[in-house]
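> Pasting model.cif below, which is mmCIF, C-alpha atoms and all ligand atoms.
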```
data_entry
#
loop_
_atom_site.label_atom_id
_atom_site.label_comp_id
_atom_site.auth_asym_id
_atom_site.auth_seq_id
_atom_site.Cartn_x
_atom_site.Cartn_y
_atom_site.Cartn_z
CA MET R 3 -13.71 2.51 47.88
CA ASN R 4 -10.53 0.56 47.66
CA ALA R 5 -11.06 -2.64 49.61
CA VAL R 6 -7.52 -3.95 49.41
CA ASP R 7 -6.45 -5.38 52.79
CA GLN R 8 -3.17 -6.84 51.68
CA LEU R 9 -0.69 -5.57 49.14
CA GLU R 10 2.26 -7.46 47.70
CA ILE R 11 4.88 -5.44 45.86
CA ARG R 12 8.40 -5.79 44.59
CA ARG R 13 10.85 -5.08 47.42
CA PRO R 14 11.41 -1.31 47.58
CA ASP R 15 14.54 0.85 47.82
CA ASP R 16 15.02 4.18 49.62
CA TRP R 17 16.74 6.79 47.46
CA HIS R 18 17.58 9.26 50.29
CA VAL R 19 18.72 8.17 53.76
CA HIS R 20 20.82 9.64 56.59
CA LEU R 21 22.41 6.80 58.57
CA ARG R 22 24.89 8.94 60.57
CA ASP R 23 27.94 7.21 62.05
CA GLY R 24 29.25 5.54 65.22
CA GLU R 25 26.67 4.54 67.86
CA MET R 26 23.81 6.26 66.04
CA LEU R 27 24.56 4.32 62.84
CA LYS R 28 24.49 1.07 64.83
CA SER R 29 21.12 2.03 66.34
CA VAL R 30 19.32 3.15 63.17
CA VAL R 31 20.66 1.11 60.23
CA ALA R 32 18.45 -1.94 60.89
CA TYR R 33 15.26 0.12 60.52
CA THR R 34 16.18 0.96 56.92
CA ALA R 35 17.73 -2.44 56.14
CA ARG R 36 14.60 -4.37 57.18
CA GLN R 37 12.33 -2.38 54.85
CA PHE R 38 14.54 -1.65 51.87
CA ALA R 39 16.91 -3.68 49.69
CA ARG R 40 19.11 -0.71 48.86
CA ALA R 41 19.42 2.89 49.96
CA ILE R 42 21.24 5.98 48.78
CA ILE R 43 23.32 7.04 51.77
CA MET R 44 23.77 10.75 52.35
CA PRO R 45 27.38 11.90 52.93
CA ASN R 46 26.72 14.79 55.36
CA LEU R 47 28.77 13.32 58.18
CA SER R 48 31.00 15.44 60.35
CA PRO R 49 33.44 15.76 58.61
CA PRO R 50 31.61 15.01 55.34
CA ALA R 51 32.50 12.07 53.08
CA THR R 52 34.08 14.04 50.24
CA THR R 53 36.34 11.42 48.62
CA ALA R 54 36.01 7.87 47.32
CA ALA R 55 38.32 6.69 50.09
CA ALA R 56 36.14 8.29 52.78
CA ALA R 57 32.94 6.88 51.24
CA SER R 58 34.47 3.43 50.97
CA ALA R 59 35.50 3.50 54.65
CA TYR R 60 32.00 4.72 55.60
CA ARG R 61 30.47 1.86 53.59
CA ASP R 62 32.63 -0.59 55.57
CA ARG R 63 31.27 0.87 58.81
CA ILE R 64 27.71 0.52 57.52
CA TRP R 65 28.30 -3.11 56.55
CA ALA R 66 29.79 -3.77 60.00
CA ALA R 67 26.74 -2.20 61.70
CA LEU R 68 24.19 -4.30 59.78
CA PRO R 69 22.37 -7.10 61.59
CA GLU R 70 23.70 -10.62 60.99
CA GLY R 71 22.43 -12.05 57.69
CA SER R 72 21.20 -8.74 56.24
CA ASP R 73 21.47 -8.44 52.44
CA PHE R 74 21.02 -4.66 52.46
CA THR R 75 23.14 -2.70 49.95
CA PRO R 76 24.27 0.82 50.86
CA LEU R 77 24.76 3.00 47.77
CA MET R 78 27.30 5.68 48.57
CA THR R 79 27.37 9.31 47.51
CA CYS R 80 30.12 11.89 47.13
CA TYR R 81 29.72 15.13 49.08
CA LEU R 82 30.62 17.83 46.57
CA THR R 83 32.67 20.85 47.67
CA ASP R 84 34.26 23.79 45.89
CA SER R 85 37.44 21.76 45.56
CA THR R 86 36.09 18.32 44.52
CA ASP R 87 38.47 16.56 42.14
CA PRO R 88 36.66 15.37 38.95
CA ASP R 89 39.07 12.43 38.63
CA ASP R 90 38.34 11.17 42.15
CA VAL R 91 34.59 11.37 41.55
CA ALA R 92 34.81 9.58 38.19
CA GLN R 93 37.16 6.93 39.54
CA GLY R 94 34.90 6.33 42.54
CA PHE R 95 31.91 5.88 40.22
CA GLU R 96 33.79 3.54 37.89
CA ASP R 97 35.06 1.49 40.86
CA GLY R 98 31.51 1.06 42.17
CA VAL R 99 32.10 3.06 45.36
CA PHE R 100 29.91 6.03 44.36
CA ALA R 101 26.40 5.64 43.00
CA ALA R 102 25.90 9.42 42.76
CA ALA R 103 27.21 12.79 43.99
CA LYS R 104 25.38 15.19 46.28
CA LEU R 105 25.20 18.94 45.88
CA TYR R 106 24.52 20.81 49.13
CA PRO R 107 24.55 24.56 48.70
CA ALA R 108 26.90 25.71 51.51
CA ASN R 109 25.01 26.05 54.82
CA ALA R 110 21.65 24.90 53.42
CA THR R 111 21.12 22.22 56.07
CA THR R 112 22.67 19.91 58.71
CA ASN R 113 26.45 19.53 58.19
CA SER R 114 26.52 21.43 54.90
CA ALA R 115 29.06 24.07 55.88
CA HIS R 116 31.55 22.53 53.44
CA GLY R 117 29.02 22.52 50.60
CA VAL R 118 29.28 24.33 47.29
CA THR R 119 29.40 28.14 47.43
CA ASP R 120 28.98 28.66 43.68
CA VAL R 121 27.74 25.99 41.25
CA ALA R 122 29.86 27.60 38.50
CA ARG R 123 32.95 26.29 40.30
CA LEU R 124 31.62 22.76 39.98
CA MET R 125 31.34 22.76 36.19
CA PRO R 126 34.37 20.51 35.51
CA VAL R 127 32.95 17.92 37.94
CA LEU R 128 29.43 18.14 36.51
CA GLU R 129 30.69 17.86 32.93
CA ARG R 130 32.55 14.69 33.84
CA MET R 131 29.48 13.29 35.60
CA GLN R 132 27.37 14.04 32.54
CA THR R 133 29.84 12.17 30.33
CA ILE R 134 29.95 9.05 32.52
CA GLY R 135 26.23 9.01 33.36
CA MET R 136 26.68 9.63 37.10
CA PRO R 137 23.58 11.12 38.79
CA LEU R 138 23.72 14.48 40.57
CA LEU R 139 21.53 14.67 43.69
CA VAL R 140 20.52 18.21 44.56
CA HIS R 141 19.43 19.79 47.83
CA GLY R 142 17.44 22.48 46.04
CA GLU R 143 17.36 25.52 48.31
CA VAL R 144 19.13 28.85 48.08
CA THR R 145 20.72 29.92 51.34
CA ASP R 146 20.51 33.70 51.05
CA SER R 147 19.20 35.07 54.34
CA ASP R 148 17.15 37.70 52.52
CA ILE R 149 15.08 34.96 50.82
CA ASP R 150 12.11 33.85 52.91
CA ILE R 151 12.61 30.27 54.11
CA PHE R 152 9.37 29.15 52.45
CA ASP R 153 10.55 30.52 49.07
CA ARG R 154 14.04 29.01 49.04
CA GLU R 155 13.16 26.01 46.86
CA ALA R 156 11.24 28.01 44.25
CA VAL R 157 14.03 30.61 44.07
CA PHE R 158 16.62 27.82 43.70
CA ILE R 159 14.77 26.58 40.61
CA ASP R 160 14.82 30.03 39.03
CA ARG R 161 18.35 31.03 39.99
CA ILE R 162 20.29 27.77 39.81
CA LEU R 163 18.51 24.63 38.65
CA SER R 164 16.90 25.80 35.42
CA GLY R 165 20.26 27.15 34.18
CA LEU R 166 22.03 23.97 35.24
CA VAL R 167 19.57 21.78 33.33
CA GLN R 168 20.04 23.97 30.25
CA ASP R 169 23.83 23.91 30.47
CA MET R 170 23.98 20.16 31.14
CA PRO R 171 21.15 18.74 29.03
CA ASP R 172 22.22 15.12 29.52
CA LEU R 173 23.20 15.23 33.21
CA LYS R 174 21.03 12.94 35.32
CA ILE R 175 19.64 15.08 38.13
CA VAL R 176 17.55 14.06 41.14
CA PHE R 177 15.82 17.07 42.69
CA GLU R 178 15.76 15.74 46.25
CA HIS R 179 12.87 15.88 48.73
CA ILE R 180 10.77 18.32 46.73
CA THR R 181 8.26 20.40 48.68
CA THR R 182 6.55 22.77 46.21
CA SER R 183 4.19 22.82 43.25
CA GLN R 184 6.90 24.81 41.44
CA ALA R 185 9.26 21.84 41.81
CA VAL R 186 6.64 19.46 40.42
CA GLU R 187 6.00 21.78 37.45
CA PHE R 188 9.72 22.10 36.84
CA VAL R 189 10.41 18.36 36.95
CA ASP R 190 7.39 17.60 34.76
CA GLY R 191 8.69 20.10 32.21
CA CYS R 192 12.19 18.60 31.99
CA GLY R 193 13.35 15.60 29.99
CA ALA R 194 13.68 12.06 31.33
CA ASN R 195 17.12 12.93 32.81
CA VAL R 196 15.50 14.98 35.61
CA ALA R 197 13.60 13.21 38.41
CA ALA R 198 12.64 13.89 42.04
CA THR R 199 12.27 12.13 45.36
CA ILE R 200 9.34 12.81 47.70
CA THR R 201 9.39 12.15 51.46
CA PRO R 202 6.47 10.65 53.41
CA HIS R 203 6.26 13.63 55.76
CA HIS R 204 5.85 16.16 52.95
CA LEU R 205 2.96 14.03 51.68
CA HIS R 206 1.33 13.87 55.12
CA PHE R 207 1.48 17.39 56.50
CA ASN R 208 1.78 21.03 55.56
CA ARG R 209 3.53 23.85 57.43
CA ASN R 210 0.70 24.21 59.94
CA ALA R 211 1.97 21.00 61.57
CA ILE R 212 5.06 22.85 62.78
CA PHE R 213 2.90 25.27 64.77
CA ALA R 214 -0.09 23.12 65.79
CA GLY R 215 -1.01 24.42 69.27
CA GLY R 216 2.62 25.35 69.98
CA ILE R 217 6.00 24.79 68.36
CA ARG R 218 6.45 21.20 67.18
CA PRO R 219 10.12 20.44 66.67
CA HIS R 220 9.43 16.90 65.39
CA ALA R 221 7.64 18.33 62.35
CA TYR R 222 10.62 20.51 61.47
CA CYS R 223 12.83 19.42 58.61
CA LEU R 224 14.57 20.97 55.62
CA PRO R 225 13.30 21.83 53.16
CA VAL R 226 10.59 23.01 55.54
CA ALA R 227 6.99 21.93 54.81
CA LYS R 228 5.04 24.43 52.73
CA ARG R 229 1.36 25.43 52.28
CA GLU R 230 -1.42 22.90 51.68
CA GLN R 231 -1.55 23.59 47.93
CA HIS R 232 2.03 22.35 47.69
CA ARG R 233 1.35 19.19 49.68
CA LEU R 234 -1.52 18.42 47.30
CA ALA R 235 0.75 18.93 44.27
CA LEU R 236 3.29 16.51 45.79
CA ARG R 237 0.57 13.91 46.40
CA LYS R 238 -0.59 14.20 42.80
CA ALA R 239 2.98 13.76 41.53
CA ALA R 240 3.70 10.77 43.80
CA ILE R 241 0.58 8.85 42.73
CA SER R 242 0.74 9.96 39.07
CA GLY R 243 2.60 6.89 37.88
CA SER R 244 5.22 9.17 36.28
CA PRO R 245 8.65 7.49 36.27
CA LYS R 246 10.14 10.84 37.34
CA TYR R 247 8.97 10.47 40.96
CA PHE R 248 10.27 7.95 43.44
CA LEU R 249 10.62 7.09 47.10
CA GLY R 250 13.25 8.90 49.17
CA THR R 251 12.40 9.15 52.85
CA ASP R 252 15.08 11.64 53.94
CA THR R 253 14.99 9.79 57.28
CA ALA R 254 17.20 12.02 59.45
CA PRO R 255 17.63 10.86 63.06
CA HIS R 256 18.49 13.38 65.76
CA GLU R 257 18.52 12.62 69.49
CA VAL R 258 15.46 13.97 71.26
CA HIS R 259 17.39 16.68 73.12
CA ALA R 260 18.79 18.01 69.83
CA LYS R 261 15.26 18.38 68.44
CA GLU R 262 13.55 19.65 71.59
CA SER R 263 15.83 22.62 72.08
CA ALA R 264 15.88 26.41 71.79
CA CYS R 265 17.56 25.82 68.42
CA GLY R 266 16.27 22.41 67.33
CA CYS R 267 17.86 20.43 64.49
CA ALA R 268 16.07 19.86 61.19
CA GLY R 269 15.20 16.27 60.34
CA ILE R 270 12.46 13.67 60.74
CA PHE R 271 13.21 10.06 61.66
CA ASN R 272 10.76 8.12 59.52
CA ALA R 273 12.74 4.93 58.83
CA PRO R 274 10.90 2.60 61.27
CA PHE R 275 7.51 2.84 59.47
CA ALA R 276 8.52 4.39 56.17
CA LEU R 277 6.80 2.06 53.72
CA GLU R 278 3.65 1.97 55.85
CA SER R 279 3.62 5.77 55.91
CA TYR R 280 3.71 5.94 52.10
CA ALA R 281 1.08 3.16 51.91
CA MET R 282 -1.26 5.31 54.03
CA VAL R 283 -0.96 8.15 51.53
CA PHE R 284 -1.48 5.97 48.45
CA ASP R 285 -4.43 4.31 50.18
CA GLU R 286 -6.04 7.67 51.04
CA GLU R 287 -5.62 8.62 47.39
CA ASN R 288 -7.11 5.32 46.19
CA ALA R 289 -3.86 4.69 44.37
CA LEU R 290 -2.39 1.61 46.06
CA ASP R 291 -1.82 0.13 42.60
CA ARG R 292 0.72 2.93 41.97
CA LEU R 293 2.77 2.33 45.12
CA GLU R 294 4.96 -0.34 43.54
CA GLY R 295 6.13 1.91 40.70
CA PHE R 296 6.95 4.76 43.10
CA ALA R 297 8.59 2.58 45.77
CA SER R 298 10.29 -0.15 43.77
CA GLU R 299 10.62 0.59 40.05
CA HIS R 300 11.06 4.25 39.12
CA GLY R 301 14.18 4.70 41.28
CA PRO R 302 16.23 1.76 39.96
CA ASN R 303 15.13 2.54 36.41
CA PHE R 304 16.36 6.13 36.77
CA TYR R 305 19.67 5.06 38.32
CA GLY R 306 20.09 2.29 35.70
CA LEU R 307 20.14 -0.44 38.35
CA PRO R 308 18.32 -3.80 38.23
CA LEU R 309 14.90 -4.09 39.88
CA ASN R 310 14.76 -6.15 43.06
CA GLU R 311 13.36 -9.60 42.40
CA ASP R 312 11.97 -10.46 45.85
CA ARG R 313 8.64 -9.22 47.14
CA VAL R 314 7.21 -7.79 50.36
CA VAL R 315 3.69 -7.82 51.79
CA LEU R 316 1.87 -4.97 53.50
CA ARG R 317 -1.21 -5.84 55.54
CA ARG R 318 -3.92 -3.45 56.66
CA GLN R 319 -4.01 -3.55 60.45
CA THR R 320 -3.87 -1.33 63.50
CA VAL R 321 -0.26 -0.45 64.33
CA ILE R 322 0.54 2.16 66.96
CA VAL R 323 3.89 3.84 66.41
CA PRO R 324 5.91 4.09 69.67
CA ASP R 325 6.28 7.50 71.31
CA ASP R 326 10.04 7.16 71.14
CA LEU R 327 12.76 4.64 70.41
CA GLU R 328 16.06 3.91 72.12
CA ALA R 329 19.09 4.96 70.06
CA ALA R 330 22.75 5.57 70.82
CA GLY R 331 22.11 5.66 74.58
CA SER R 332 19.45 8.31 74.05
CA ARG R 333 15.96 8.46 72.47
CA ILE R 334 14.62 9.45 69.09
CA VAL R 335 11.01 10.40 68.41
CA PRO R 336 9.88 8.70 65.17
CA PHE R 337 7.53 10.16 62.56
CA HIS R 338 3.87 9.35 63.42
CA ALA R 339 4.80 8.86 67.13
CA GLY R 340 1.73 7.69 69.05
CA GLU R 341 -0.44 7.41 65.91
CA ASP R 342 -2.14 4.42 64.33
CA ILE R 343 -0.45 3.96 60.98
CA GLY R 344 -2.98 1.45 59.62
CA TRP R 345 -0.56 -0.81 57.74
CA GLN R 346 2.07 -3.33 58.71
CA LEU R 347 4.93 -4.66 56.66
CA GLN R 348 5.07 -8.44 57.13
CA PHE R 349 8.37 -10.10 57.99
C1 LIG A 1 18.92 16.37 57.17
C2 LIG A 1 19.87 15.92 58.29
O1 LIG A 1 19.49 16.02 59.45
O2 LIG A 1 20.97 15.47 57.96
N1 LIG A 1 17.86 17.14 57.74
C3 LIG A 1 16.66 17.36 57.19
O3 LIG A 1 15.87 18.13 57.76
N2 LIG A 1 16.28 16.76 56.07
C4 LIG A 1 19.68 17.11 56.14
C5 LIG A 1 18.93 17.31 54.84
O4 LIG A 1 18.67 16.37 54.12
O5 LIG A 1 18.62 18.47 54.53
ZN ZN A 2 18.41 14.55 53.56
#
```
Any chance you could put this one into structure tokens?
Ligand code: NCD
Ligand code: ZN

Amino acid sequence: MNAVDQLEIRRPDDWHVHLRDGEMLKSVVAYTARQFARAIIMPNLSPPATTAAAASAYRDRIWAALPEGSDFTPLMTCYLTDSTDPDDVAQGFEDGVFAAAKLYPANATTNSAHGVTDVARLMPVLERMQTIGMPLLVHGEVTDSDIDIFDREAVFIDRILSGLVQDMPDLKIVFEHITTSQAVEFVDGCGANVAATITPHHLHFNRNAIFAGGIRPHAYCLPVAKREQHRLALRKAAISGSPKYFLGTDTAPHEVHAKESACGCAGIFNAPFALESYAMVFDEENALDRLEGFASEHGPNFYGLPLNEDRVVLRRQTVIVPDDLEAAGSRIVPFHAGEDIGWQLQF
């Protein structure tokens, strides 16, 4: 048994975050900023942040929404479309506005209607990114309605991603929020230029959670959770110590009425207890000694950014996650609502 009651690690970063905008941004940004030094900010606003100018203005709004004295660094991403200009992307990267660019297949998820309809059209942008060492972040699901929703990630690997990796052998690619054993096998089989993020929720539950005793909108996200065998493959990858896997929560706040609806939104708000949620998993796997690599080292090493120098402490103790939290004049139900999470990040 692992008897560790307190764990000190290098301060972590979150490599996949939705902060939204306006009042919601003001309500949620502090949850991420208190746990993480840096975060990759997703550009799927409405309208999406498709240019360096839009991302720079969004970064200003994030800075303005941060609590007084916060040293949190938002790392901005470019929302790729069929008409993205390679020069704008490259200039944004060189100017330090963009840390990466995000590929949403059109209509794959929330606010992705302007996404890419055919990756072939993106080749000039991807070639430029490969040359300048700019990472491509991929929402890896096909959108064809004839493909079963639980197969969309595996089919994306076969139809799109494997060809892309072959055509662009030096392009840095992050396969985002992976959910299948096929994704783990694929990433393991690629070179060091291909990595993946794993969310806490995909480590905690399988697809049964969405239908446990009735329909559970707060367990619904995209990519949707898969069978138990896939969850176990993700756990093995996360605790493996491989530098290819790192922390990316995909925290995605939606107001409670947008989730609890006849057509509920996809997304799980896990920012408030994100690090504790991962610690639970690593603890259950007797792998707490691997948490630091996954949470604080593999991500910056992949992105070519310095490691954080300061440290944080997690203490084993009873912590009950609130049933809901006030946000933007409404409420959001957080991941693990009402549960004892067993760890507390010390401040
Ligand atoms: C995200 C959101 O709400 O923006 N939802 C989700 O289920 N993860 C979009 C995304 O990352 O797919
Ligand atoms: Zn996301």
> Counting only C-alpha atoms, find residues at most 12 Å from (11.2, 5.5, 45.8) (file frame) and give them as a PyMOL selection string.
chain R and resi 12-19+38-42+176+178-179+197-202+240-241+243-252+276-277+280+292-305+309
> So the first atom is atom O5 of ligand LIG 1 (chain A) and the second is CA of Leu173 in chain R; what is the distance between them in Å, to one decimal place?
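So the two atoms, atom O5 of ligand LIG 1 (chain A) and CA of Leu173 in chain R, lie 22.0 Å apart.
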> Could you give me, as JSON lines, every chain R residue with an atom at most 9 Å from ligand LIG 1 (chain A), plus its closest atom pair and distance in Å to one decimal, counting all atoms listed in the file, rows ordered by chain then number?

```
{"residue": "R:His18", "atom": "CA", "partner": "A:LIG1", "partner_atom": "O4", "distance": 8.1}
{"residue": "R:Val19", "atom": "CA", "partner": "A:LIG1", "partner_atom": "O4", "distance": 8.2}
{"residue": "R:His20", "atom": "CA", "partner": "A:LIG1", "partner_atom": "O2", "distance": 6.0}
{"residue": "R:Leu21", "atom": "CA", "partner": "A:LIG1", "partner_atom": "O2", "distance": 8.8}
{"residue": "R:Arg22", "atom": "CA", "partner": "A:LIG1", "partner_atom": "O2", "distance": 8.1}
{"residue": "R:Met44", "atom": "CA", "partner": "A:LIG1", "partner_atom": "O4", "distance": 7.8}
{"residue": "R:Pro45", "atom": "CA", "partner": "A:LIG1", "partner_atom": "O2", "distance": 8.9}
{"residue": "R:Asn46", "atom": "CA", "partner": "A:LIG1", "partner_atom": "O2", "distance": 6.3}
{"residue": "R:Leu47", "atom": "CA", "partner": "A:LIG1", "partner_atom": "O2", "distance": 8.1}
{"residue": "R:Tyr106", "atom": "CA", "partner": "A:LIG1", "partner_atom": "O5", "distance": 8.3}
{"residue": "R:Ala110", "atom": "CA", "partner": "A:LIG1", "partner_atom": "O5", "distance": 7.2}
{"residue": "R:Thr111", "atom": "CA", "partner": "A:LIG1", "partner_atom": "O5", "distance": 4.8}
{"residue": "R:Thr112", "atom": "CA", "partner": "A:LIG1", "partner_atom": "O2", "distance": 4.8}
{"residue": "R:Asn113", "atom": "CA", "partner": "A:LIG1", "partner_atom": "O2", "distance": 6.8}
{"residue": "R:Ser114", "atom": "CA", "partner": "A:LIG1", "partner_atom": "C4", "distance": 8.2}
{"residue": "R:His141", "atom": "CA", "partner": "A:LIG1", "partner_atom": "O5", "distance": 6.9}
{"residue": "R:Glu178", "atom": "CA", "partner": "A:LIG1", "partner_atom": "O4", "distance": 8.4}
{"residue": "R:His179", "atom": "CA", "partner": "A:LIG1", "partner_atom": "O4", "distance": 7.9}
{"residue": "R:Tyr222", "atom": "CA", "partner": "A:LIG1", "partner_atom": "O3", "distance": 6.9}
{"residue": "R:Cys223", "atom": "CA", "partner": "A:LIG1", "partner_atom": "O3", "distance": 3.4}
{"residue": "R:Leu224", "atom": "CA", "partner": "A:LIG1", "partner_atom": "O3", "distance": 3.8}
{"residue": "R:Pro225", "atom": "CA", "partner": "A:LIG1", "partner_atom": "O3", "distance": 6.4}
{"residue": "R:Val226", "atom": "CA", "partner": "A:LIG1", "partner_atom": "O3", "distance": 7.5}
{"residue": "R:Asp252", "atom": "CA", "partner": "A:LIG1", "partner_atom": "N2", "distance": 5.7}
{"residue": "R:Thr253", "atom": "CA", "partner": "A:LIG1", "partner_atom": "N2", "distance": 7.2}
{"residue": "R:Ala254", "atom": "CA", "partner": "A:LIG1", "partner_atom": "O1", "distance": 4.6}
{"residue": "R:Pro255", "atom": "CA", "partner": "A:LIG1", "partner_atom": "O1", "distance": 6.6}
{"residue": "R:His256", "atom": "CA", "partner": "A:LIG1", "partner_atom": "O1", "distance": 6.9}
{"residue": "R:Cys267", "atom": "CA", "partner": "A:LIG1", "partner_atom": "O1", "distance": 6.9}
{"residue": "R:Ala268", "atom": "CA", "partner": "A:LIG1", "partner_atom": "O3", "distance": 3.8}
{"residue": "R:Gly269", "atom": "CA", "partner": "A:LIG1", "partner_atom": "O3", "distance": 3.3}
{"residue": "R:Ile270", "atom": "CA", "partner": "A:LIG1", "partner_atom": "O3", "distance": 6.4}
{"residue": "R:Phe271", "atom": "CA", "partner": "A:LIG1", "partner_atom": "O1", "distance": 8.9}
```
> Please, what distance in Å, to one decimal, runs between CA of Glu341 in chain R and CA of Leu205 in chain R?
16.1 Å
> Restricting the calculation to only C-alpha atoms, which member of R:Gly71, R:Gly191, R:Pro274, R:Gly98 is positioned closest to Ala57 in chain R?
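For Ala57 in chain R, the nearest of the candidates is R:Gly98.
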> Given the choices R:Leu307, R:Leu124, R:Leu105, R:Val144, which gets closest to ligand ZN 2 (chain A) if the distance is worked out from all atoms listed in the file?
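For ligand ZN 2 (chain A), the nearest of the given residues is R:Leu105.
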> Give as a CSV table (one decimal) with C-alpha atoms, in the frame of the given file every residue, naming chains and numbers as the document does, that has an atom within 7 Å of (13.3, 19.2, 66.8), counting only C-alpha atoms.

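Below is the file selection-v1.csv, written as the result:
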```csv
chain,number,residue,atom,x,y,z
R,219,PRO,CA,10.1,20.4,66.7
R,220,HIS,CA,9.4,16.9,65.4
R,222,TYR,CA,10.6,20.5,61.5
R,260,ALA,CA,18.8,18.0,69.8
R,261,LYS,CA,15.3,18.4,68.4
R,262,GLU,CA,13.6,19.6,71.6
R,263,SER,CA,15.8,22.6,72.1
R,266,GLY,CA,16.3,22.4,67.3
R,267,CYS,CA,17.9,20.4,64.5
R,268,ALA,CA,16.1,19.9,61.2
```
> Do you know which residues are at most 7 Å from range 312-328 of chain R counting all atoms listed in the file, after dropping those on the same chain fewer than 3 positions away, and could you put them as number ranges by chain?
R: 7-13, 331-336, 338-348
> Rank nothing, just name the residue among R:Gly135, R:Gly142, R:Pro171, R:Gly306 nearest to ligand ZN 2 (chain A), using only C-alpha atoms and all ligand atoms.
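Between R:Gly135, R:Gly142, R:Pro171, R:Gly306, the residue approaching ligand ZN 2 (chain A) most closely is R:Gly142.
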